[in-house]
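Accompanying notes for the structure given below.
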Amino acid sequence: MLVSILIPCFNAEQWVTPAIESALAQTWPEKEVIVVDDGSTDASLEVIRRFDGRIRWETGPNRGGNAARNRLLELSSGEWLQYLDADDYLRPGKIRRQVEFAREHPDCDVIYSATASEIMENGRLACEENQVPEPRDPWILLARWELPQTGGPLWKKSAVQRVGGWRIGQPCCQEHELYFRLLEAGSRFEHCDCCLAVYRRWDRGARISSRLPLEVYRQRLLIMDRIEKHLRSNRELSTARHAAINDTRHATARMLWRQDRHWARQIAACIRASDPSYDPRGQPASPLLYSMVYRFLGFEAAQTLAAYRRALASAPTEHPGQVVV
């Protein structure tokens, strides 16, 4: 069973060598490694050329990450695809573990596994091992933004082709948008219990999500709307799925409250229209008091309470003989 390991690269000269080496080091023997340089202006192409004879590669003008991923899809020969961003890497047994799982689940279209997060903090490198949480309903995981980053799954090529590949022009949340279309098309997702892809989070200046945070929120909300519309029209909007969608909307509104209160109020109104009985109690950042105020007085009152409690908690403690200015 041939697996195509597909690496889009744009200005990743610092990272692309370990990414390619991790692909070549996969213990699964039936593999091909293909790199598309998306018009890099640094030394990425020079680095890629050093692997001549061990990988296939091509370069062209900069057209964006999803265009590069679609070109890789065209170049691939494998039945299964492993996408790998050029600044991430794979642990050696990743593909073998998931291919063996695929043989046990022949009707599967997407095999998803957790990704580890490599973080640089205070000059020290740490790797955080993650798990995909329960319940493992892929619709709930997508709504909660808990399906793994691009390198975590093994994707069946025919399933990705069937939905038209990656969406050109999608500015961020690219794998989540593809996940949605795959689920919408009836693709079968299966969880494989391993954590063998590593997502580097310490070069955050290069990440789209850190450059365009408000656009990330907007795209996330658009995907929530598409999920709810699809599930509702197909009578598949269970209570748990509905709650997951509105939990993400509510968390987004809370994050936006300080930056754009008008937008946050609009999201709260969307939640009320979607489910007038919605209760955020299950969210970690929504304790019982917050939830009670939300239910009886609404989102804005609950946010005002939360801001007051934060201010109270951060206020200096007055000690005898100390003057608080």
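Residues are named by chain letter and number: chains run A, B, ... in the order of the structure tokens, numbers start at 1 in each chain, and ligands are numbered from 1 in the order shown.
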
Residues of stretch 61-145 of chain A within 7 Å of stretch 9-18 of chain A: nearest atom pair and distance (Å, one decimal) for each, counting only C-alpha atoms, sorted by chain and number, as JSON lines?
```
{"residue": "A:Ala86", "atom": "CA", "partner": "A:Val16", "partner_atom": "CA", "distance": 4.9}
{"residue": "A:Asp87", "atom": "CA", "partner": "A:Trp15", "partner_atom": "CA", "distance": 4.8}
{"residue": "A:Tyr89", "atom": "CA", "partner": "A:Pro18", "partner_atom": "CA", "distance": 6.6}
```

Those residues with N, CA, C and O atoms, as a compact mmCIF listing (two decimals), in the first residue's frame please?
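Written file, out_17.txt:
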```txt
# COMPACT_ATOMS: atom_id res chain seq x y z
N ALA A 86 6.00 22.06 6.12
CA ALA A 86 7.46 22.05 6.06
C ALA A 86 8.11 22.44 7.37
O ALA A 86 9.31 22.22 7.55
N ASP A 87 7.35 23.01 8.32
CA ASP A 87 7.94 23.35 9.61
C ASP A 87 7.51 22.39 10.72
O ASP A 87 7.70 22.67 11.90
N TYR A 89 7.17 17.85 11.72
CA TYR A 89 7.86 16.61 11.40
C TYR A 89 7.07 15.41 11.93
O TYR A 89 6.12 15.57 12.73
```

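Those residues that approach A:Phe189 to within 9 Å, counting only C-alpha atoms, are Cys108, Asp109, Val110, Ile111, Tyr112, Asp137, Pro138, Leu183, Ser187 and His191 of chain A; same-chain residues fewer than 2 positions away are not listed.
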
For the residues selected in the previous step, produce a file with C-alpha atoms as a compact mmCIF listing (two decimals), in the first residue's frame.
```txt
# COMPACT_ATOMS: atom_id res chain seq x y z
CA CYS A 108 -12.21 4.31 6.24
CA ASP A 109 -11.45 7.56 4.39
CA VAL A 110 -9.64 9.58 7.07
CA ILE A 111 -7.58 8.01 9.85
CA TYR A 112 -7.00 10.68 12.45
CA ASP A 137 -17.87 11.74 16.98
CA PRO A 138 -15.97 13.58 14.20
CA LEU A 183 -17.83 14.85 6.48
CA SER A 187 -16.52 10.26 4.28
CA HIS A 191 -9.61 7.36 15.29
```

Residue list (strand (DSSP E), DSSP) for stretch 23-266 of chain A, as a VMD selection string: chain A and resid 31 to 38 56 to 60 80 to 83 89 to 90 110 to 121 124 to 128 154 to 156 189 to 200

Atom CA of A:Asp225 to atom CA of A:Leu305, straight-line distance in Å: 28.3 Å

Polymer residues at most 8 Å from stretch 28-41 of chain A, only C-alpha atoms, same-chain spacing of 6 or more positions, as a PyMOL selection string: chain A and resi 1-12+20+48+54-65+68+71-72+75-76+78+93+95-96

Prev. selection, N, CA and C atoms, output as a CSV table (one decimal), in the first residue's frame:
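The result, stored in selection-v9.csv:
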```
chain,number,residue,atom,x,y,z
A,1,MET,N,0.9,-1.2,0.0
A,1,MET,CA,0.0,0.0,0.0
A,1,MET,C,0.9,1.2,0.0
A,2,LEU,N,0.9,1.9,-1.1
A,2,LEU,CA,1.8,3.1,-1.3
A,2,LEU,C,1.2,4.3,-0.6
A,3,VAL,N,2.1,5.0,0.2
A,3,VAL,CA,1.7,6.2,0.9
A,3,VAL,C,2.5,7.4,0.3
A,4,SER,N,1.9,8.5,-0.1
A,4,SER,CA,2.6,9.6,-0.6
A,4,SER,C,2.7,10.6,0.6
A,5,ILE,N,3.9,11.0,0.9
A,5,ILE,CA,4.2,12.0,1.9
A,5,ILE,C,4.4,13.3,1.2
A,6,LEU,N,3.5,14.3,1.4
A,6,LEU,CA,3.4,15.5,0.6
A,6,LEU,C,3.8,16.7,1.5
A,7,ILE,N,4.8,17.4,1.0
A,7,ILE,CA,5.3,18.6,1.8
A,7,ILE,C,5.2,19.9,1.0
A,8,PRO,N,4.3,20.7,1.3
A,8,PRO,CA,4.3,22.1,0.7
A,8,PRO,C,5.3,23.0,1.5
A,9,CYS,N,6.1,23.8,0.8
A,9,CYS,CA,7.1,24.6,1.4
A,9,CYS,C,7.1,26.0,0.9
A,10,PHE,N,7.1,26.9,1.9
A,10,PHE,CA,7.2,28.3,1.5
A,10,PHE,C,8.1,29.0,2.6
A,11,ASN,N,9.3,29.4,2.2
A,11,ASN,CA,10.2,30.1,3.1
A,11,ASN,C,10.4,29.4,4.4
A,12,ALA,N,10.8,28.1,4.3
A,12,ALA,CA,10.9,27.3,5.5
A,12,ALA,C,12.3,26.7,5.5
A,20,ILE,N,11.7,16.8,5.8
A,20,ILE,CA,12.0,15.8,4.7
A,20,ILE,C,12.7,14.6,5.4
A,48,ILE,N,16.1,22.0,-0.5
A,48,ILE,CA,15.3,20.8,-1.1
A,48,ILE,C,16.1,20.1,-2.1
A,54,ARG,N,16.4,11.2,-3.8
A,54,ARG,CA,15.7,10.6,-2.7
A,54,ARG,C,14.2,11.0,-2.6
A,55,ILE,N,13.9,12.1,-3.2
A,55,ILE,CA,12.6,12.7,-3.2
A,55,ILE,C,12.3,13.2,-4.6
A,56,ARG,N,11.0,13.4,-4.8
A,56,ARG,CA,10.6,14.2,-6.0
A,56,ARG,C,10.2,15.6,-5.6
A,57,TRP,N,10.5,16.6,-6.4
A,57,TRP,CA,10.2,17.9,-6.0
A,57,TRP,C,10.0,18.8,-7.3
A,58,GLU,N,9.3,19.9,-7.1
A,58,GLU,CA,9.2,20.9,-8.1
A,58,GLU,C,9.0,22.2,-7.5
A,59,THR,N,9.2,23.3,-8.2
A,59,THR,CA,9.0,24.6,-7.7
A,59,THR,C,8.2,25.4,-8.7
A,60,GLY,N,7.6,26.5,-8.3
A,60,GLY,CA,6.8,27.4,-9.1
A,60,GLY,C,6.5,28.7,-8.4
A,61,PRO,N,5.7,29.6,-9.0
A,61,PRO,CA,5.4,30.8,-8.4
A,61,PRO,C,4.5,30.6,-7.1
A,62,ASN,N,4.6,31.6,-6.2
A,62,ASN,CA,3.8,31.5,-5.0
A,62,ASN,C,2.3,31.6,-5.3
A,63,ARG,N,1.6,30.6,-4.9
A,63,ARG,CA,0.1,30.6,-5.2
A,63,ARG,C,-0.6,30.3,-3.9
A,64,GLY,N,0.1,30.0,-2.8
A,64,GLY,CA,-0.6,29.8,-1.5
A,64,GLY,C,-0.6,28.3,-1.1
A,65,GLY,N,-0.7,28.1,0.2
A,65,GLY,CA,-0.6,26.7,0.7
A,65,GLY,C,-1.5,25.7,0.1
A,68,ALA,N,-0.5,24.7,-3.3
A,68,ALA,CA,0.6,23.8,-3.3
A,68,ALA,C,0.1,22.4,-2.9
A,71,ARG,N,-1.5,20.8,-5.8
A,71,ARG,CA,-0.5,20.3,-6.8
A,71,ARG,C,0.2,19.0,-6.3
A,72,LEU,N,0.4,18.9,-5.1
A,72,LEU,CA,1.0,17.7,-4.5
A,72,LEU,C,0.0,16.5,-4.7
A,75,LEU,N,0.4,15.3,-8.1
A,75,LEU,CA,1.7,14.6,-8.3
A,75,LEU,C,1.7,13.2,-7.6
A,76,SER,N,0.9,13.0,-6.7
A,76,SER,CA,1.0,11.8,-5.8
A,76,SER,C,0.5,10.5,-6.6
A,78,GLY,N,0.2,7.6,-4.4
A,78,GLY,CA,-0.2,6.7,-3.3
A,78,GLY,C,-1.8,6.6,-3.2
A,93,GLY,N,7.5,5.9,13.3
A,93,GLY,CA,6.5,4.8,13.1
A,93,GLY,C,5.1,5.3,12.7
A,95,ILE,N,3.5,6.5,9.9
A,95,ILE,CA,2.7,5.9,8.8
A,95,ILE,C,2.5,4.4,8.9
A,96,ARG,N,3.5,3.7,9.4
A,96,ARG,CA,3.3,2.3,9.6
A,96,ARG,C,2.1,2.0,10.5
```

Given only C-alpha atoms as the counted atoms, nearest of A:Arg310, A:Arg265, A:Arg136, A:Arg50 to A:His250: A:Arg265

Point-to-point distance from atom CA of A:Thr150 to atom CA of A:Leu222, Å rounded to tenths: 19.4 Å

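Secondary structure of stretch 99-184 of chain A, alpha helix (DSSP H) only (DSSP, backbone atoms): Val99, Glu100, Phe101, Ala102, Arg103, Glu104, Pro138, Trp139, Ile140, Leu141, Leu142, Ala143, Lys157, Ser158, Ala159, Val160, Gln161, Arg162, Gln174, Glu175, His176, Glu177, Leu178, Tyr179, Phe180, Arg181, Leu182, Leu183 and Glu184 of chain A.
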
Which of A:Ala243, A:Leu297, A:Cys172, A:Ala313 sits closest to A:Ala143 [using only C-alpha atoms]: A:Ala243

Set the distance at 9 Å and use only C-alpha atoms: which residues neighbour A:Ile223 once local chain neighbours fewer than 3 positions away are removed? I'd like the list as a CSV table (one decimal) with all heavy atoms, in the first residue's frame.
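This is the output file around27.csv:
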```
chain,number,residue,atom,x,y,z
A,143,ALA,N,-16.5,20.5,15.5
A,143,ALA,CA,-17.2,21.7,16.1
A,143,ALA,C,-16.4,22.2,17.3
A,143,ALA,O,-16.3,23.5,17.4
A,143,ALA,CB,-18.6,21.3,16.5
A,176,HIS,N,-9.6,22.4,8.7
A,176,HIS,CA,-10.9,22.3,9.2
A,176,HIS,C,-12.0,22.5,8.1
A,176,HIS,O,-13.0,21.8,8.1
A,176,HIS,CB,-11.1,23.4,10.3
A,176,HIS,CG,-10.1,23.3,11.4
A,176,HIS,ND1,-8.9,23.9,11.4
A,176,HIS,CD2,-10.2,22.6,12.6
A,176,HIS,CE1,-8.3,23.6,12.5
A,176,HIS,NE2,-9.0,22.9,13.2
A,177,GLU,N,-11.7,23.3,7.2
A,177,GLU,CA,-12.7,23.5,6.0
A,177,GLU,C,-12.7,22.2,5.2
A,177,GLU,O,-13.8,21.8,4.8
A,177,GLU,CB,-12.2,24.7,5.2
A,177,GLU,CG,-13.3,25.2,4.2
A,177,GLU,CD,-13.4,24.5,2.9
A,177,GLU,OE1,-12.3,23.8,2.5
A,177,GLU,OE2,-14.4,24.5,2.3
A,180,PHE,N,-14.7,19.6,7.0
A,180,PHE,CA,-16.1,19.8,6.9
A,180,PHE,C,-16.6,19.2,5.6
A,180,PHE,O,-17.6,18.4,5.6
A,180,PHE,CB,-16.5,21.2,7.0
A,180,PHE,CG,-17.9,21.5,6.5
A,180,PHE,CD1,-19.0,21.1,7.4
A,180,PHE,CD2,-18.2,21.9,5.3
A,180,PHE,CE1,-20.3,21.3,7.0
A,180,PHE,CE2,-19.6,22.1,4.9
A,180,PHE,CZ,-20.6,21.8,5.8
A,218,ARG,N,-13.4,34.5,12.3
A,218,ARG,CA,-14.5,34.6,11.3
A,218,ARG,C,-14.6,33.3,10.6
A,218,ARG,O,-15.8,32.8,10.4
A,218,ARG,CB,-14.1,35.7,10.3
A,218,ARG,CG,-15.3,36.1,9.4
A,218,ARG,CD,-14.9,37.3,8.5
A,218,ARG,NE,-14.1,36.8,7.4
A,218,ARG,CZ,-14.6,36.4,6.2
A,218,ARG,NH1,-15.9,36.2,6.1
A,218,ARG,NH2,-13.8,36.0,5.3
A,219,GLN,N,-13.5,32.7,10.2
A,219,GLN,CA,-13.6,31.4,9.4
A,219,GLN,C,-14.1,30.3,10.3
A,219,GLN,O,-14.9,29.5,9.9
A,219,GLN,CB,-12.2,31.0,8.9
A,219,GLN,CG,-11.7,31.9,7.8
A,219,GLN,CD,-12.6,31.9,6.6
A,219,GLN,OE1,-13.2,30.9,6.2
A,219,GLN,NE2,-12.7,33.1,5.9
A,220,ARG,N,-13.8,30.3,11.6
A,220,ARG,CA,-14.3,29.3,12.5
A,220,ARG,C,-15.8,29.4,12.7
A,220,ARG,O,-16.5,28.4,12.6
A,220,ARG,CB,-13.6,29.5,13.9
A,220,ARG,CG,-14.0,28.5,14.9
A,220,ARG,CD,-13.3,28.7,16.2
A,220,ARG,NE,-11.8,28.5,16.1
A,220,ARG,CZ,-10.9,28.6,17.1
A,220,ARG,NH1,-11.4,28.9,18.3
A,220,ARG,NH2,-9.7,28.5,16.8
A,226,ARG,N,-21.9,26.3,8.8
A,226,ARG,CA,-22.1,25.3,7.8
A,226,ARG,C,-22.4,23.9,8.4
A,226,ARG,O,-23.2,23.1,7.9
A,226,ARG,CB,-20.8,25.2,6.9
A,226,ARG,CG,-20.6,26.4,6.0
A,226,ARG,CD,-19.2,26.5,5.4
A,226,ARG,NE,-19.0,25.5,4.4
A,226,ARG,CZ,-17.8,25.3,3.8
A,226,ARG,NH1,-16.7,26.0,4.1
A,226,ARG,NH2,-17.7,24.4,2.8
A,227,ILE,N,-21.7,23.7,9.5
A,227,ILE,CA,-21.9,22.4,10.2
A,227,ILE,C,-23.4,22.3,10.7
A,227,ILE,O,-24.1,21.3,10.5
A,227,ILE,CB,-21.0,22.3,11.5
A,227,ILE,CG1,-19.6,22.1,11.0
A,227,ILE,CG2,-21.4,21.0,12.3
A,227,ILE,CD1,-18.6,22.2,12.2
A,228,GLU,N,-23.9,23.4,11.3
A,228,GLU,CA,-25.2,23.4,11.8
A,228,GLU,C,-26.3,23.3,10.7
A,228,GLU,O,-27.2,22.5,10.8
A,228,GLU,CB,-25.5,24.7,12.7
A,228,GLU,CG,-26.9,24.7,13.2
A,228,GLU,CD,-27.2,25.8,14.2
A,228,GLU,OE1,-26.4,26.7,14.3
A,228,GLU,OE2,-28.3,25.8,14.8
```

Separation of atom CA of A:Ile271 from atom CA of A:Tyr179, in Å and rounded to one decimal: 22.9 Å

Which residue of A:Val47, A:Val293, A:Ala159, A:Cys194 approaches A:Gln131 most closely, using only C-alpha atoms: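 Under the stated criterion, the closest residue is A:Cys194.
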
Nearest-residue call for A:Ile140, choices A:Ala264, A:Ala116, A:Ala269, A:Met224, using only C-alpha atoms: A:Met224

Surrounding residues of stretch 279-282 of chain A excluding itself and chain neighbours under 3 positions, 8 Å, only C-alpha atoms, as a list of chain:residue names: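 Result of the neighbour search: A:Asp247, A:His250, A:Ser286, A:Pro287, A:Leu288, A:Tyr290, A:Ser291, A:Tyr294, A:Arg295.
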
File of the preceding selection, C-alpha atoms, as a PDB file, in the first residue's frame:
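Written file, out37.pdb:
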```pdb
ATOM      1  CA  ASP A 247     -19.938  26.069  22.862  1.00  0.00           C
ATOM      2  CA  HIS A 250     -19.781  31.143  22.909  1.00  0.00           C
ATOM      3  CA  SER A 286     -17.876  29.164  32.570  1.00  0.00           C
ATOM      4  CA  PRO A 287     -18.280  28.385  36.294  1.00  0.00           C
ATOM      5  CA  LEU A 288     -21.669  27.982  37.909  1.00  0.00           C
ATOM      6  CA  TYR A 290     -21.262  32.776  35.254  1.00  0.00           C
ATOM      7  CA  SER A 291     -23.679  30.204  33.856  1.00  0.00           C
ATOM      8  CA  TYR A 294     -25.913  33.993  31.531  1.00  0.00           C
ATOM      9  CA  ARG A 295     -29.155  32.036  31.761  1.00  0.00           C
TER      10      ARG A 295
END
```

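In terms of minimum interatomic distance to A:Ala185, A:Leu231 ranks closest within A:Thr239, A:Leu231, A:Arg97, A:Pro135, counting only C-alpha atoms.
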
Which residues are near A:Pro92? Cut-off 9 Å, only C-alpha atoms, ignore same chain within fewer than 2 positions. Put them as a short mmCIF file (atom, residue, chain, number, x, y, z; two decimals) with N, CA, C and O atoms, in the first residue's frame.
```
data_model
loop_
_atom_site.label_atom_id
_atom_site.label_comp_id
_atom_site.auth_asym_id
_atom_site.auth_seq_id
_atom_site.Cartn_x
_atom_site.Cartn_y
_atom_site.Cartn_z
N SER A 22 12.36 13.41 8.32
CA SER A 22 11.38 12.63 9.08
C SER A 22 10.48 11.82 8.14
O SER A 22 10.04 10.73 8.49
N ALA A 23 10.23 12.35 6.95
CA ALA A 23 9.45 11.61 5.96
C ALA A 23 10.25 10.41 5.44
O ALA A 23 9.73 9.29 5.34
N LEU A 24 11.52 10.64 5.12
CA LEU A 24 12.36 9.56 4.61
C LEU A 24 12.61 8.49 5.67
O LEU A 24 12.84 7.32 5.34
N ALA A 25 12.56 8.88 6.95
CA ALA A 25 12.85 7.95 8.04
C ALA A 25 11.64 7.08 8.42
O ALA A 25 11.77 6.24 9.33
N GLN A 26 10.52 7.27 7.77
CA GLN A 26 9.35 6.45 8.10
C GLN A 26 9.65 4.97 7.88
O GLN A 26 10.20 4.59 6.84
N THR A 27 9.27 4.16 8.83
CA THR A 27 9.58 2.73 8.78
C THR A 27 8.69 1.97 7.79
O THR A 27 8.99 0.82 7.47
N TRP A 28 7.63 2.60 7.33
CA TRP A 28 6.80 1.96 6.29
C TRP A 28 7.56 2.03 4.97
O TRP A 28 7.91 3.10 4.49
N LEU A 90 7.45 14.22 11.47
CA LEU A 90 6.81 12.97 11.85
C LEU A 90 7.77 12.12 12.68
O LEU A 90 8.98 12.11 12.42
N LYS A 94 4.99 6.63 12.40
CA LYS A 94 3.67 7.23 12.19
C LYS A 94 2.89 6.54 11.08
O LYS A 94 1.75 6.10 11.27
N ILE A 95 3.48 6.46 9.93
CA ILE A 95 2.73 5.93 8.78
C ILE A 95 2.50 4.44 8.92
O ILE A 95 1.40 3.94 8.62
N ARG A 96 3.48 3.70 9.41
CA ARG A 96 3.27 2.26 9.61
C ARG A 96 2.08 2.01 10.53
O ARG A 96 1.24 1.16 10.24
N LEU A 196 2.00 10.60 16.79
CA LEU A 196 3.28 10.41 16.11
C LEU A 196 3.59 11.50 15.09
O LEU A 196 4.57 11.40 14.34
#
```
